[in-house]
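Reading through the structure tokens given below for one structure.
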Amino acid sequence: MLNAIKRVLTLSFLLFASQLLAEQKATAPDKPASEAVQPVDVVIKTSKGDMTVRLNPERAPATVENFLAYVDQGFYEGLVFHRVMPGFMIQGGGMTADMSQKPTEAPITNESGNGLRNSRGTVAMARTSDPDSATSQFFINLVNNDFLNNRPGRPGYAVFGEVIKGDEVMDSIASVKTGNRGPHANVPVDPITILAVERVRTAPN
């Protein structure tokens, strides 16, 4: 008899607790559907036209933060795409038209293991042979450059965004005549100037 009473009391308590939790859930304020970091769009304005790039701070947080710091201080204004290689990539963000290198902030940690691949239209950080040497320079892949991706035991080149508008501008830059300037090869004969790089908006999911 005593055991039966205990079972009834236990079932009653569980029913009351479940009802209370249901009521609390019903009256609780709605939370955001996702806590994921949202992408950010920037526009790269050049003398050949504009390209809109969607940055991926969720996959490449340190790289995007670094790039936006340069964007917000107007660092890229007046620099050029100084290395153009059709069938490979276009590179800019560090040199002036006379091929002088602009002083930068400290280099950042390589995030090439973030799962993003060097596919056509993606934007990645340029660097030296030191994986953790990227500063301000970036490149846009003109084709799928799989050999630039991260592999076990070999860091790759960190992708942090992709061109979502202005592919024709990217291809137009890739088609210009290039030559040598001092120790630098593949330099556009007529400078391709970066007029500005500006935030556009925080992009929706």
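In the structure tokens, each chain is lettered A, B, ... as it comes, each chain's residues begin at 1, and ligands are numbered from 1 in order of appearance.
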Neighbours of stretch 114-120 of chain A within 8 Å (only C-alpha atoms; same-chain residues fewer than 5 positions away dropped), as a PDB file with all heavy atoms, in the first residue's frame?
```
ATOM      1  N   ARG A  59      34.137  31.051 -40.508  1.00  0.00           N
ATOM      2  CA  ARG A  59      35.197  30.097 -40.828  1.00  0.00           C
ATOM      3  C   ARG A  59      36.594  30.698 -40.676  1.00  0.00           C
ATOM      4  O   ARG A  59      37.554  29.957 -40.408  1.00  0.00           O
ATOM      5  CB  ARG A  59      35.022  29.606 -42.272  1.00  0.00           C
ATOM      6  CG  ARG A  59      33.806  28.720 -42.506  1.00  0.00           C
ATOM      7  CD  ARG A  59      33.992  27.348 -41.895  1.00  0.00           C
ATOM      8  NE  ARG A  59      32.964  26.423 -42.332  1.00  0.00           N
ATOM      9  CZ  ARG A  59      33.064  25.646 -43.408  1.00  0.00           C
ATOM     10  NH1 ARG A  59      34.154  25.686 -44.152  1.00  0.00           N
ATOM     11  NH2 ARG A  59      32.083  24.842 -43.748  1.00  0.00           N
ATOM     12  N   ALA A  60      36.721  32.003 -40.907  1.00  0.00           N
ATOM     13  CA  ALA A  60      38.049  32.642 -40.870  1.00  0.00           C
ATOM     14  C   ALA A  60      37.998  33.906 -40.016  1.00  0.00           C
ATOM     15  O   ALA A  60      38.196  35.015 -40.520  1.00  0.00           O
ATOM     16  CB  ALA A  60      38.494  32.963 -42.290  1.00  0.00           C
ATOM     17  N   ILE A 140      42.647  36.844 -55.619  1.00  0.00           N
ATOM     18  CA  ILE A 140      41.372  36.271 -56.045  1.00  0.00           C
ATOM     19  C   ILE A 140      41.677  35.146 -57.015  1.00  0.00           C
ATOM     20  O   ILE A 140      42.360  35.342 -58.033  1.00  0.00           O
ATOM     21  CB  ILE A 140      40.480  37.328 -56.706  1.00  0.00           C
ATOM     22  CG1 ILE A 140      40.221  38.494 -55.741  1.00  0.00           C
ATOM     23  CG2 ILE A 140      39.155  36.705 -57.155  1.00  0.00           C
ATOM     24  CD1 ILE A 140      39.448  39.653 -56.350  1.00  0.00           C
ATOM     25  N   ASN A 141      41.200  33.951 -56.723  1.00  0.00           N
ATOM     26  CA  ASN A 141      41.438  32.789 -57.574  1.00  0.00           C
ATOM     27  C   ASN A 141      40.619  32.893 -58.858  1.00  0.00           C
ATOM     28  O   ASN A 141      39.397  33.062 -58.817  1.00  0.00           O
ATOM     29  CB  ASN A 141      41.051  31.512 -56.825  1.00  0.00           C
ATOM     30  CG  ASN A 141      42.015  31.157 -55.716  1.00  0.00           C
ATOM     31  OD1 ASN A 141      43.156  30.769 -55.981  1.00  0.00           O
ATOM     32  ND2 ASN A 141      41.575  31.281 -54.468  1.00  0.00           N
ATOM     33  N   LEU A 142      41.294  32.766 -59.989  1.00  0.00           N
ATOM     34  CA  LEU A 142      40.607  32.807 -61.286  1.00  0.00           C
ATOM     35  C   LEU A 142      40.100  31.441 -61.711  1.00  0.00           C
ATOM     36  O   LEU A 142      39.216  31.328 -62.564  1.00  0.00           O
ATOM     37  CB  LEU A 142      41.557  33.351 -62.356  1.00  0.00           C
ATOM     38  CG  LEU A 142      42.060  34.782 -62.130  1.00  0.00           C
ATOM     39  CD1 LEU A 142      43.147  35.116 -63.144  1.00  0.00           C
ATOM     40  CD2 LEU A 142      40.919  35.779 -62.224  1.00  0.00           C
ATOM     41  N   VAL A 143      40.671  30.385 -61.134  1.00  0.00           N
ATOM     42  CA  VAL A 143      40.278  29.002 -61.406  1.00  0.00           C
ATOM     43  C   VAL A 143      40.321  28.248 -60.082  1.00  0.00           C
ATOM     44  O   VAL A 143      40.691  28.806 -59.042  1.00  0.00           O
ATOM     45  CB  VAL A 143      41.233  28.334 -62.434  1.00  0.00           C
ATOM     46  CG1 VAL A 143      41.145  29.030 -63.787  1.00  0.00           C
ATOM     47  CG2 VAL A 143      42.677  28.336 -61.928  1.00  0.00           C
ATOM     48  N   ASN A 144      39.986  26.974 -60.121  1.00  0.00           N
ATOM     49  CA  ASN A 144      40.099  26.138 -58.925  1.00  0.00           C
ATOM     50  C   ASN A 144      41.567  25.771 -58.707  1.00  0.00           C
ATOM     51  O   ASN A 144      42.125  24.939 -59.433  1.00  0.00           O
ATOM     52  CB  ASN A 144      39.269  24.859 -59.077  1.00  0.00           C
ATOM     53  CG  ASN A 144      37.793  25.145 -59.183  1.00  0.00           C
ATOM     54  OD1 ASN A 144      37.313  26.199 -58.803  1.00  0.00           O
ATOM     55  ND2 ASN A 144      37.040  24.189 -59.720  1.00  0.00           N
ATOM     56  N   ASN A 145      42.187  26.403 -57.727  1.00  0.00           N
ATOM     57  CA  ASN A 145      43.610  26.173 -57.434  1.00  0.00           C
ATOM     58  C   ASN A 145      43.740  25.224 -56.236  1.00  0.00           C
ATOM     59  O   ASN A 145      44.120  25.631 -55.131  1.00  0.00           O
ATOM     60  CB  ASN A 145      44.306  27.504 -57.161  1.00  0.00           C
ATOM     61  CG  ASN A 145      44.427  28.358 -58.412  1.00  0.00           C
ATOM     62  OD1 ASN A 145      44.819  27.869 -59.463  1.00  0.00           O
ATOM     63  ND2 ASN A 145      44.076  29.634 -58.299  1.00  0.00           N
ATOM     64  N   ASP A 146      43.440  23.961 -56.481  1.00  0.00           N
ATOM     65  CA  ASP A 146      43.438  22.989 -55.391  1.00  0.00           C
ATOM     66  C   ASP A 146      44.789  22.848 -54.713  1.00  0.00           C
ATOM     67  O   ASP A 146      44.865  22.525 -53.518  1.00  0.00           O
ATOM     68  CB  ASP A 146      42.983  21.612 -55.910  1.00  0.00           C
ATOM     69  CG  ASP A 146      41.519  21.597 -56.317  1.00  0.00           C
ATOM     70  OD1 ASP A 146      40.759  22.472 -55.839  1.00  0.00           O
ATOM     71  OD2 ASP A 146      41.126  20.718 -57.109  1.00  0.00           O
ATOM     72  N   LEU A 148      46.670  24.991 -53.687  1.00  0.00           N
ATOM     73  CA  LEU A 148      46.860  26.008 -52.654  1.00  0.00           C
ATOM     74  C   LEU A 148      46.128  25.676 -51.356  1.00  0.00           C
ATOM     75  O   LEU A 148      46.279  26.392 -50.361  1.00  0.00           O
ATOM     76  CB  LEU A 148      46.361  27.366 -53.160  1.00  0.00           C
ATOM     77  CG  LEU A 148      47.077  27.951 -54.383  1.00  0.00           C
ATOM     78  CD1 LEU A 148      46.466  29.300 -54.751  1.00  0.00           C
ATOM     79  CD2 LEU A 148      48.573  28.096 -54.137  1.00  0.00           C
ATOM     80  N   ASN A 149      45.360  24.600 -51.374  1.00  0.00           N
ATOM     81  CA  ASN A 149      44.576  24.246 -50.185  1.00  0.00           C
ATOM     82  C   ASN A 149      45.434  23.600 -49.106  1.00  0.00           C
ATOM     83  O   ASN A 149      46.506  23.052 -49.379  1.00  0.00           O
ATOM     84  CB  ASN A 149      43.440  23.276 -50.571  1.00  0.00           C
ATOM     85  CG  ASN A 149      42.429  23.921 -51.489  1.00  0.00           C
ATOM     86  OD1 ASN A 149      42.190  25.123 -51.424  1.00  0.00           O
ATOM     87  ND2 ASN A 149      41.827  23.121 -52.361  1.00  0.00           N
ATOM     88  N   TYR A 157      46.818  28.281 -48.279  1.00  0.00           N
ATOM     89  CA  TYR A 157      46.548  29.719 -48.329  1.00  0.00           C
ATOM     90  C   TYR A 157      45.110  29.938 -47.867  1.00  0.00           C
ATOM     91  O   TYR A 157      44.175  29.347 -48.414  1.00  0.00           O
ATOM     92  CB  TYR A 157      46.775  30.247 -49.741  1.00  0.00           C
ATOM     93  CG  TYR A 157      48.242  30.262 -50.110  1.00  0.00           C
ATOM     94  CD1 TYR A 157      48.911  29.073 -50.434  1.00  0.00           C
ATOM     95  CD2 TYR A 157      48.973  31.445 -50.079  1.00  0.00           C
ATOM     96  CE1 TYR A 157      50.271  29.078 -50.737  1.00  0.00           C
ATOM     97  CE2 TYR A 157      50.334  31.459 -50.375  1.00  0.00           C
ATOM     98  CZ  TYR A 157      50.965  30.271 -50.713  1.00  0.00           C
ATOM     99  OH  TYR A 157      52.317  30.278 -50.992  1.00  0.00           O
ATOM    100  N   ALA A 158      44.952  30.779 -46.859  1.00  0.00           N
ATOM    101  CA  ALA A 158      43.685  30.897 -46.142  1.00  0.00           C
ATOM    102  C   ALA A 158      42.634  31.655 -46.953  1.00  0.00           C
ATOM    103  O   ALA A 158      42.769  32.853 -47.208  1.00  0.00           O
ATOM    104  CB  ALA A 158      43.904  31.589 -44.800  1.00  0.00           C
ATOM    105  N   VAL A 159      41.581  30.950 -47.325  1.00  0.00           N
ATOM    106  CA  VAL A 159      40.418  31.562 -47.984  1.00  0.00           C
ATOM    107  C   VAL A 159      39.541  32.194 -46.914  1.00  0.00           C
ATOM    108  O   VAL A 159      39.290  31.600 -45.865  1.00  0.00           O
ATOM    109  CB  VAL A 159      39.630  30.510 -48.781  1.00  0.00           C
ATOM    110  CG1 VAL A 159      38.325  31.098 -49.310  1.00  0.00           C
ATOM    111  CG2 VAL A 159      40.476  29.953 -49.917  1.00  0.00           C
ATOM    112  N   PHE A 160      39.054  33.418 -47.183  1.00  0.00           N
ATOM    113  CA  PHE A 160      38.220  34.091 -46.192  1.00  0.00           C
ATOM    114  C   PHE A 160      37.005  34.774 -46.804  1.00  0.00           C
ATOM    115  O   PHE A 160      36.233  35.425 -46.108  1.00  0.00           O
ATOM    116  CB  PHE A 160      39.039  35.113 -45.397  1.00  0.00           C
ATOM    117  CG  PHE A 160      39.592  36.268 -46.214  1.00  0.00           C
ATOM    118  CD1 PHE A 160      38.942  37.499 -46.228  1.00  0.00           C
ATOM    119  CD2 PHE A 160      40.752  36.107 -46.956  1.00  0.00           C
ATOM    120  CE1 PHE A 160      39.454  38.556 -46.968  1.00  0.00           C
ATOM    121  CE2 PHE A 160      41.272  37.173 -47.689  1.00  0.00           C
ATOM    122  CZ  PHE A 160      40.621  38.393 -47.697  1.00  0.00           C
TER     123      PHE A 160
END
```
Please list as a ChimeraX atom specification every residue within 6 Å of stretch 42-50 of chain A, counting only C-alpha atoms and excluding residues in the same chain fewer than 6 positions away.
/A:169,192-200
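You will find atom CA of A:Glu65 at 10.1 Å from atom CA of A:Ile108.
Distance annotation: of A:Ser129, A:Ser172, A:Ser136, A:Val84, the residue with the minimal separation from A:Pro103 is A:Ser136; atom set is only C-alpha atoms.
Omitting A:Gln137 and its sequence neighbours fewer than 2 positions away, and counting only C-alpha atoms, the residues within 9 Å are A:Gln91, A:Gly92, A:Gly93, A:Gly94, A:Met95, A:Ala124, A:Met125, A:Ala126, A:Arg127, A:Ala134, A:Thr135, A:Phe139.
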Serialized selection, N, CA and C atoms, as a PDB file, in the first residue's frame:
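Once everything was written out, this is part13.pdb:
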```pdb
ATOM      1  N   GLN A  91      46.415  39.464 -57.752  1.00  0.00           N
ATOM      2  CA  GLN A  91      46.855  39.778 -56.381  1.00  0.00           C
ATOM      3  C   GLN A  91      47.009  41.280 -56.184  1.00  0.00           C
ATOM      4  N   GLY A  92      46.594  41.773 -55.022  1.00  0.00           N
ATOM      5  CA  GLY A  92      46.730  43.193 -54.719  1.00  0.00           C
ATOM      6  C   GLY A  92      46.715  43.434 -53.221  1.00  0.00           C
ATOM      7  N   GLY A  93      46.635  44.727 -52.872  1.00  0.00           N
ATOM      8  CA  GLY A  93      46.484  45.074 -51.465  1.00  0.00           C
ATOM      9  C   GLY A  93      47.750  45.370 -50.706  1.00  0.00           C
ATOM     10  N   GLY A  94      48.873  45.575 -51.432  1.00  0.00           N
ATOM     11  CA  GLY A  94      50.102  45.858 -50.694  1.00  0.00           C
ATOM     12  C   GLY A  94      51.038  46.827 -51.375  1.00  0.00           C
ATOM     13  N   MET A  95      50.871  47.006 -52.698  1.00  0.00           N
ATOM     14  CA  MET A  95      51.812  47.804 -53.472  1.00  0.00           C
ATOM     15  C   MET A  95      51.160  49.052 -54.049  1.00  0.00           C
ATOM     16  N   ALA A 124      41.649  34.882 -50.978  1.00  0.00           N
ATOM     17  CA  ALA A 124      42.545  34.282 -49.971  1.00  0.00           C
ATOM     18  C   ALA A 124      43.675  35.247 -49.657  1.00  0.00           C
ATOM     19  N   MET A 125      44.348  34.975 -48.537  1.00  0.00           N
ATOM     20  CA  MET A 125      45.466  35.811 -48.110  1.00  0.00           C
ATOM     21  C   MET A 125      46.758  35.405 -48.813  1.00  0.00           C
ATOM     22  N   ALA A 126      47.465  36.414 -49.331  1.00  0.00           N
ATOM     23  CA  ALA A 126      48.801  36.177 -49.875  1.00  0.00           C
ATOM     24  C   ALA A 126      49.794  36.144 -48.712  1.00  0.00           C
ATOM     25  N   ARG A 127      50.859  35.402 -48.890  1.00  0.00           N
ATOM     26  CA  ARG A 127      51.871  35.283 -47.837  1.00  0.00           C
ATOM     27  C   ARG A 127      53.186  34.850 -48.453  1.00  0.00           C
ATOM     28  N   ALA A 134      50.978  36.397 -43.449  1.00  0.00           N
ATOM     29  CA  ALA A 134      50.020  37.241 -44.178  1.00  0.00           C
ATOM     30  C   ALA A 134      49.754  38.544 -43.430  1.00  0.00           C
ATOM     31  N   THR A 135      49.649  39.636 -44.179  1.00  0.00           N
ATOM     32  CA  THR A 135      49.346  40.945 -43.586  1.00  0.00           C
ATOM     33  C   THR A 135      48.145  41.568 -44.300  1.00  0.00           C
ATOM     34  N   PHE A 139      44.560  37.710 -52.694  1.00  0.00           N
ATOM     35  CA  PHE A 139      44.438  37.365 -54.112  1.00  0.00           C
ATOM     36  C   PHE A 139      43.074  36.744 -54.363  1.00  0.00           C
TER      37      PHE A 139
END
```
